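A.B. asks: Take a look at this one; I'll ask things after.
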Amino acid sequence: MGDYIMKKIIQALLLSTIFLSCSASKKTYTIDEILSSAQIDPMSKYIHSNGNIFSFDNSSIIVSINKTGVYNAFSINISDGIMKSITENDKNAAYVKTYFPNDNRVIYQSDIGGNELDHVYVKDNKKGVIDLTPGNNLKASFFDWSEDGSSFYITSNSRDSRYFDLYRYSSSDYERKMIFKNDRGYNIDAISNDGSLIALSKTNSRYDSDIFIYNVISGEYESINETRGDVSQSVQYFSNDSKRLCLLTDQNSEFQYLVEYNIENGNLETIYKPDWDIKYSFLSPNKNYRVVAINKDSKRTIKIFDLNKNKFLELPELDDFILWGAHFSRDDKQIIFYAETGRSPVDIYHFDLDRKSQRRLTWNLNSSIKEKDLVKGEVVRFNSFDDVEIPGILYRPQNASNGTKVPAMIWVHGGPGGQSMLGYRDDIQFLVNHGYAIFAINNRGSGGYGKTFQMMDDQKHGKGDLDDCIASKQMLIETGYIDPSRIGIIGGSYGGFMVLAALAFRPQEFKVGVDIFGVSNWVRTLQSIPPWWESARKSLEIELGDFSDTEYLKSISPLFHADKIQKPLLVLQGANDPRVLKIESDEIVEAVRKNNVPVGYVVFDDEGHGFEKLKNKKKGYLSILSFLDEHLSN
């Protein structure tokens with residue numbers, strides 16, 4: 001009897017073990033499962049478009065989603081959530097910008113293979129697809145609508161590749177006229193309701209800019225809100241009567257806040273000044289509400305101010321969400337939000353202000369994935385080598401514990417001056433789901449934490465910022481669940497440079513490096529910046545150093561120190577990248593291979609500075625996982 005009971009216990013334990021093992025295995029998702037989650041145009045998260053996201057009758061919205069393998073334009077019916085395709089591109093992404101005010105025509109932008117030479121197209125139900133900006137080697141963008149909807153504005157560098165002019169297009173026949181010839185490298189910020197005034201900013205450095213108003217009728221410029229010292233400012237919008245401007249400024253502050261400038265008397269009034277950077281602000285179509293986007297400790301949030309009731313709107317059930325953006329319907333009675341939890345892609349939520357009702361329009365997370373199996377990032381801080389507090393976002397694999405130590409990758413964002421933000425990223429979720437901890441560091445020089453912090457790496461790249469990455473290792477080790485012997489570094493663009501700098505200048509600090517289109521030779525990169533970056537050239541020199549000082553630039557360029565790289569390296573590169581040319585990766589790969597070091601190299605012929613197509617994401621993410629499994633995990 002005792003043997004029988006023991007046999008049953010053993011069988012039960014075996015079955016239980018098998019069941020738990022199977023349950024655990026379900027928590028590790030394949031690359032196809034991860035990438036089957038649809039994602040909304042990432043730029044809609046970071047910047048506000050002046051386009052009409054609601055249709056003319058407020059019955060539907062437009063959005064770009066990558067559910068077909070590349071980003072395409074779709075309409076979503078608000079009442080039933082049914083999604084219909086507008087564009088059907090199979091090679092190049094289509095980023096939808098606006099509905100027309102009085103019909104269902106749409107305007108979208110598209111480049112070729114990630115070369116960033118966007119053209120602006122209209123999808124006309126009668127005439128098909130029309131390129132509004134024909135020509136070669138030009139870059140164009142939709143800018144805004146006129147108040148009455150009879151015309152719209154597009155910026156283009158077709159006349160001079162260095163600068164963007166402003167054109168007005170007829171909504172009926174698409175006839176265009178240049179209304180602002182930009183010969184001085186201005187940024188075009190806003191246009192008045194009647195189209196007579198254009199607000200411009202002139203970038204002197206990342207920390208200093210000047211504001212001007214251009215009179216379209218007289219052709220005269222007026223300098224406004226002149227300041228002493230370094231003040232970064234940009235125009236958000238004109239008032240209805242065109243007598244005032246709303247600006248973002250960091251005058252006498254570490255962070256950007258909202259002010260109103262009276263054009264007639266020069267008075268400046270603070271409108272809203274939170275404790276963190278305001279990223280943008282705009283008015284609803286009927287001017288009843290002011291929307292403000294705030295970067296609060298690496299988390300984007302939205303505030304909506306009711307201008308009639310003089311108070312902020314309450315947004316029920318969205319307090320715990322990451323709110324990337326918002327758009328109002330034409331009548332100001334409906335709002336859509338781009339929102340997420342951090343463990344699933346951005347979804348679209350709809351609010352009806354009259355009915356005080358809320359509904360979710362999209363469910364972008366693959367239905368076979370349980371959100372609880374994914375990981376929400378946590379903002380953590382540590383004191384670096386010189387006691388400067390460094391923030392970052394830590395993603396802890398669910399299997400990590402003091403008894404089960406896991407490998408980790410320090411993730412460095414792009415820039416310089418970029419920032420890692422809380423939010424869903426399929427590349428990070430894929431690696432964390434497969435057992436790798438990720439620490440997305442906001443090293444000194446990152447944005448979002450005040451201009452003093454952002455200035456700390458000027459002309460010191462690959463030094464203090466890199467030392468922050470090294471110092472973060474100790475913080476990771478002290479969590480108790482990171483294996484000290486299995487810590488690597490990964491990053492894209494400027495982050496890719498940091499990876500190469502880590503392996504070249506601190507060759508024993510990290511076990512592996514993954515460089516995603518990173519700069520290896522600053523001399524070449526700064527001499528070959530895209531022509532449309534000309535207005536920011538001075539700013540880049542203040543940030544990175546004199547472009548002609550080749551001795552200094554070589555001293556911080558990993559390519560010229562590649563003989564010191566001894567750790568395994570993986571490089572990923574887009575062949576059409578206009579910012580970091582493919583030769584940057586070609587040469588560093590060739591140089592490091594001479595050291596008899598394992599070097600993987602993946603090139604995407606149809607991508608640029610970032611990977612958009614799902615087939616390329618799949619290949620890239622699997623390459624990273626395979627490389628880490630071989631050289632870090634084991």
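FYI, nothing fancy with the structure tokens labels: chains A, B, ... in order, residues from 1 per chain, ligands from 1 as they appear.
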List the spatial neighbours of Asp306 (chain A) as a PyMOL selection string - criterion: any atom at most 8 Å away, only C-alpha atoms, same-chain residues fewer than 4 positions off excluded.
C.D. replies: chain A and resi 288-290+310-313
A.B. asks: Which of region 36-95 of chain A end up as alpha helix (DSSP H) when DSSP is run on this backbone - answer as a PyMOL selection string?
C.D. replies: chain A and resi 43-46
A.B. asks: Name the closest residue to Lys139 (chain A) among the candidates A:Asp546, A:Val122, A:Trp533, A:Ser151; distances are taken between atoms, counting only C-alpha atoms.
C.D. replies: A:Trp533
A.B. asks: For Gly266 (chain A), list every protein, DNA or RNA residue within 8 Å, evaluated using only C-alpha atoms, and leave out those in the same chain fewer than 3 positions away; present the list as a PyMOL selection string.
C.D. replies: chain A and resi 224-225+261-263
A.B. asks: Would you export the selected residues with N, CA and C atoms as a compact mmCIF listing (two decimals), in the first residue's frame, please?
C.D. replies:
```txt
# COMPACT_ATOMS: atom_id res chain seq x y z
N ILE A 224 11.77 88.59 -32.29
CA ILE A 224 10.93 88.72 -31.09
C ILE A 224 11.56 87.96 -29.92
N ASN A 225 11.15 88.36 -28.73
CA ASN A 225 11.61 87.73 -27.48
C ASN A 225 13.13 87.54 -27.47
N TYR A 261 3.62 85.14 -25.85
CA TYR A 261 4.31 86.39 -26.19
C TYR A 261 3.35 87.31 -26.93
N ASN A 262 3.21 88.53 -26.43
CA ASN A 262 2.36 89.54 -27.08
C ASN A 262 3.19 90.26 -28.14
N ILE A 263 2.81 90.08 -29.40
CA ILE A 263 3.60 90.63 -30.50
C ILE A 263 3.59 92.15 -30.49
```
A.B. asks: For Ile53 (chain A), list every protein, DNA or RNA residue within 7 Å, evaluated using only C-alpha atoms, and leave out those in the same chain fewer than 3 positions away; present the list as a PyMOL selection string.
C.D. replies: chain A and resi 61-62+98-99+327
A.B. asks: Save the residues we just selected, N, CA and C atoms, as a CSV table (one decimal), in the first residue's frame?
C.D. replies:
```csv
chain,number,residue,atom,x,y,z
A,61,ILE,N,-11.1,57.7,-38.1
A,61,ILE,CA,-9.8,58.3,-37.9
A,61,ILE,C,-8.8,57.6,-38.9
A,62,ILE,N,-7.7,58.2,-39.1
A,62,ILE,CA,-6.6,57.6,-39.9
A,62,ILE,C,-5.4,57.3,-39.0
A,98,THR,N,-2.9,63.4,-42.8
A,98,THR,CA,-4.1,64.1,-42.7
A,98,THR,C,-5.2,63.7,-43.6
A,99,TYR,N,-6.5,63.8,-43.1
A,99,TYR,CA,-7.6,63.8,-44.0
A,99,TYR,C,-7.8,65.2,-44.6
A,327,HIS,N,-5.5,63.7,-30.3
A,327,HIS,CA,-6.1,64.5,-31.4
A,327,HIS,C,-7.6,64.8,-31.1
```
A.B. asks: Show which residues sit within 9 Å of region 83-92 of chain A, as a PDB file with N, CA and C atoms, in the first residue's frame. Count only C-alpha atoms, and ignore same-chain residues fewer than 4 positions away.
C.D. replies:
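Result file follows (part01.pdb):
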```pdb
ATOM      1  N   ILE A  62      -7.668  58.223 -39.080  1.00  0.00           N
ATOM      2  CA  ILE A  62      -6.630  57.601 -39.895  1.00  0.00           C
ATOM      3  C   ILE A  62      -5.405  57.317 -39.041  1.00  0.00           C
ATOM      4  N   THR A  68       0.804  44.941 -42.257  1.00  0.00           N
ATOM      5  CA  THR A  68       1.025  44.272 -43.546  1.00  0.00           C
ATOM      6  C   THR A  68       2.495  43.949 -43.791  1.00  0.00           C
ATOM      7  N   GLY A  69       3.351  44.241 -42.828  1.00  0.00           N
ATOM      8  CA  GLY A  69       4.786  44.014 -43.014  1.00  0.00           C
ATOM      9  C   GLY A  69       5.554  45.304 -43.164  1.00  0.00           C
ATOM     10  N   VAL A  70       4.906  46.342 -43.712  1.00  0.00           N
ATOM     11  CA  VAL A  70       5.443  47.706 -43.718  1.00  0.00           C
ATOM     12  C   VAL A  70       4.319  48.624 -43.246  1.00  0.00           C
ATOM     13  N   TYR A  71       4.668  49.845 -42.866  1.00  0.00           N
ATOM     14  CA  TYR A  71       3.638  50.782 -42.417  1.00  0.00           C
ATOM     15  C   TYR A  71       2.768  51.215 -43.590  1.00  0.00           C
ATOM     16  N   ASN A  72       1.452  51.078 -43.412  1.00  0.00           N
ATOM     17  CA  ASN A  72       0.487  51.529 -44.399  1.00  0.00           C
ATOM     18  C   ASN A  72      -0.603  52.333 -43.710  1.00  0.00           C
ATOM     19  N   ALA A  73      -1.331  53.118 -44.508  1.00  0.00           N
ATOM     20  CA  ALA A  73      -2.402  53.962 -43.975  1.00  0.00           C
ATOM     21  C   ALA A  73      -3.711  53.176 -43.903  1.00  0.00           C
ATOM     22  N   PHE A  74      -4.405  53.330 -42.777  1.00  0.00           N
ATOM     23  CA  PHE A  74      -5.701  52.693 -42.563  1.00  0.00           C
ATOM     24  C   PHE A  74      -6.678  53.716 -42.000  1.00  0.00           C
ATOM     25  N   SER A  75      -7.945  53.468 -42.251  1.00  0.00           N
ATOM     26  CA  SER A  75      -8.998  54.213 -41.559  1.00  0.00           C
ATOM     27  C   SER A  75      -9.631  53.276 -40.535  1.00  0.00           C
ATOM     28  N   ILE A  76     -10.082  53.843 -39.419  1.00  0.00           N
ATOM     29  CA  ILE A  76     -10.760  53.071 -38.383  1.00  0.00           C
ATOM     30  C   ILE A  76     -12.100  53.733 -38.110  1.00  0.00           C
ATOM     31  N   ASN A  77     -13.163  52.978 -38.285  1.00  0.00           N
ATOM     32  CA  ASN A  77     -14.499  53.489 -38.003  1.00  0.00           C
ATOM     33  C   ASN A  77     -14.692  53.581 -36.492  1.00  0.00           C
ATOM     34  N   VAL A 106      -6.797  61.719 -48.490  1.00  0.00           N
ATOM     35  CA  VAL A 106      -5.780  61.754 -47.445  1.00  0.00           C
ATOM     36  C   VAL A 106      -4.429  62.146 -48.042  1.00  0.00           C
ATOM     37  N   SER A 110       6.114  59.222 -47.926  1.00  0.00           N
ATOM     38  CA  SER A 110       6.825  57.960 -48.131  1.00  0.00           C
ATOM     39  C   SER A 110       8.193  58.243 -48.731  1.00  0.00           C
ATOM     40  N   ASP A 111       9.207  57.464 -48.298  1.00  0.00           N
ATOM     41  CA  ASP A 111      10.523  57.559 -48.914  1.00  0.00           C
ATOM     42  C   ASP A 111      10.811  56.258 -49.646  1.00  0.00           C
ATOM     43  N   ILE A 112      12.062  56.048 -50.051  1.00  0.00           N
ATOM     44  CA  ILE A 112      12.437  54.819 -50.751  1.00  0.00           C
ATOM     45  C   ILE A 112      13.510  54.104 -49.943  1.00  0.00           C
ATOM     46  N   GLY A 113      13.149  52.973 -49.398  1.00  0.00           N
ATOM     47  CA  GLY A 113      14.120  52.136 -48.707  1.00  0.00           C
ATOM     48  C   GLY A 113      14.798  52.779 -47.527  1.00  0.00           C
ATOM     49  N   GLY A 114      14.104  53.715 -46.858  1.00  0.00           N
ATOM     50  CA  GLY A 114      14.681  54.345 -45.685  1.00  0.00           C
ATOM     51  C   GLY A 114      15.696  55.428 -45.967  1.00  0.00           C
ATOM     52  N   LYS A 123      -3.907  60.731 -51.726  1.00  0.00           N
ATOM     53  CA  LYS A 123      -4.708  59.612 -52.231  1.00  0.00           C
ATOM     54  C   LYS A 123      -6.070  60.195 -52.572  1.00  0.00           C
ATOM     55  N   ASP A 606      17.388  47.296 -48.026  1.00  0.00           N
ATOM     56  CA  ASP A 606      16.211  48.150 -48.221  1.00  0.00           C
ATOM     57  C   ASP A 606      15.849  48.914 -46.955  1.00  0.00           C
ATOM     58  N   GLU A 612      12.386  49.231 -40.466  1.00  0.00           N
ATOM     59  CA  GLU A 612      10.938  49.374 -40.471  1.00  0.00           C
ATOM     60  C   GLU A 612      10.210  48.102 -40.861  1.00  0.00           C
ATOM     61  N   LYS A 613      10.776  47.366 -41.809  1.00  0.00           N
ATOM     62  CA  LYS A 613      10.062  46.224 -42.379  1.00  0.00           C
ATOM     63  C   LYS A 613      10.139  45.021 -41.443  1.00  0.00           C
TER      64      LYS A 613
END
```
A.B. asks: Skip Ser539 (chain A) itself and residues of its chain fewer than 5 positions away, then list as a list in words all residues within 9 Å of it, counting only C-alpha atoms.
C.D. replies: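 Listing them by chain and then by number gives Thr203, Asn204, Ser205, Arg206, Tyr207, Asp208 and Leu544 of chain A.
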A.B. asks: Can you pull out every residue within 6 Å of region 556-570 of chain A, counting only C-alpha atoms, but drop anything in the same chain fewer than 5 positions away, and send it as a list in words?
C.D. replies: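 Contacts, with the query itself left out: Leu500, Ala501, Leu503, Ala504, Pro507, Val512, Gly513, Val514, Ser520, Asn521, Trp522, Ile588, Val592, Val597, Pro598, Val599, Gly600 and Tyr601 of chain A.
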A.B. asks: With DSSP run on the backbone, what are the strand (DSSP E) residues within region 233-367 of chain A? I'd like them as number ranges by chain.
C.D. replies: A: 233-238, 244-249, 257-262, 268-272, 277-283, 289-296, 299-306, 311-312, 322-328, 334-340, 347-352, 357-360
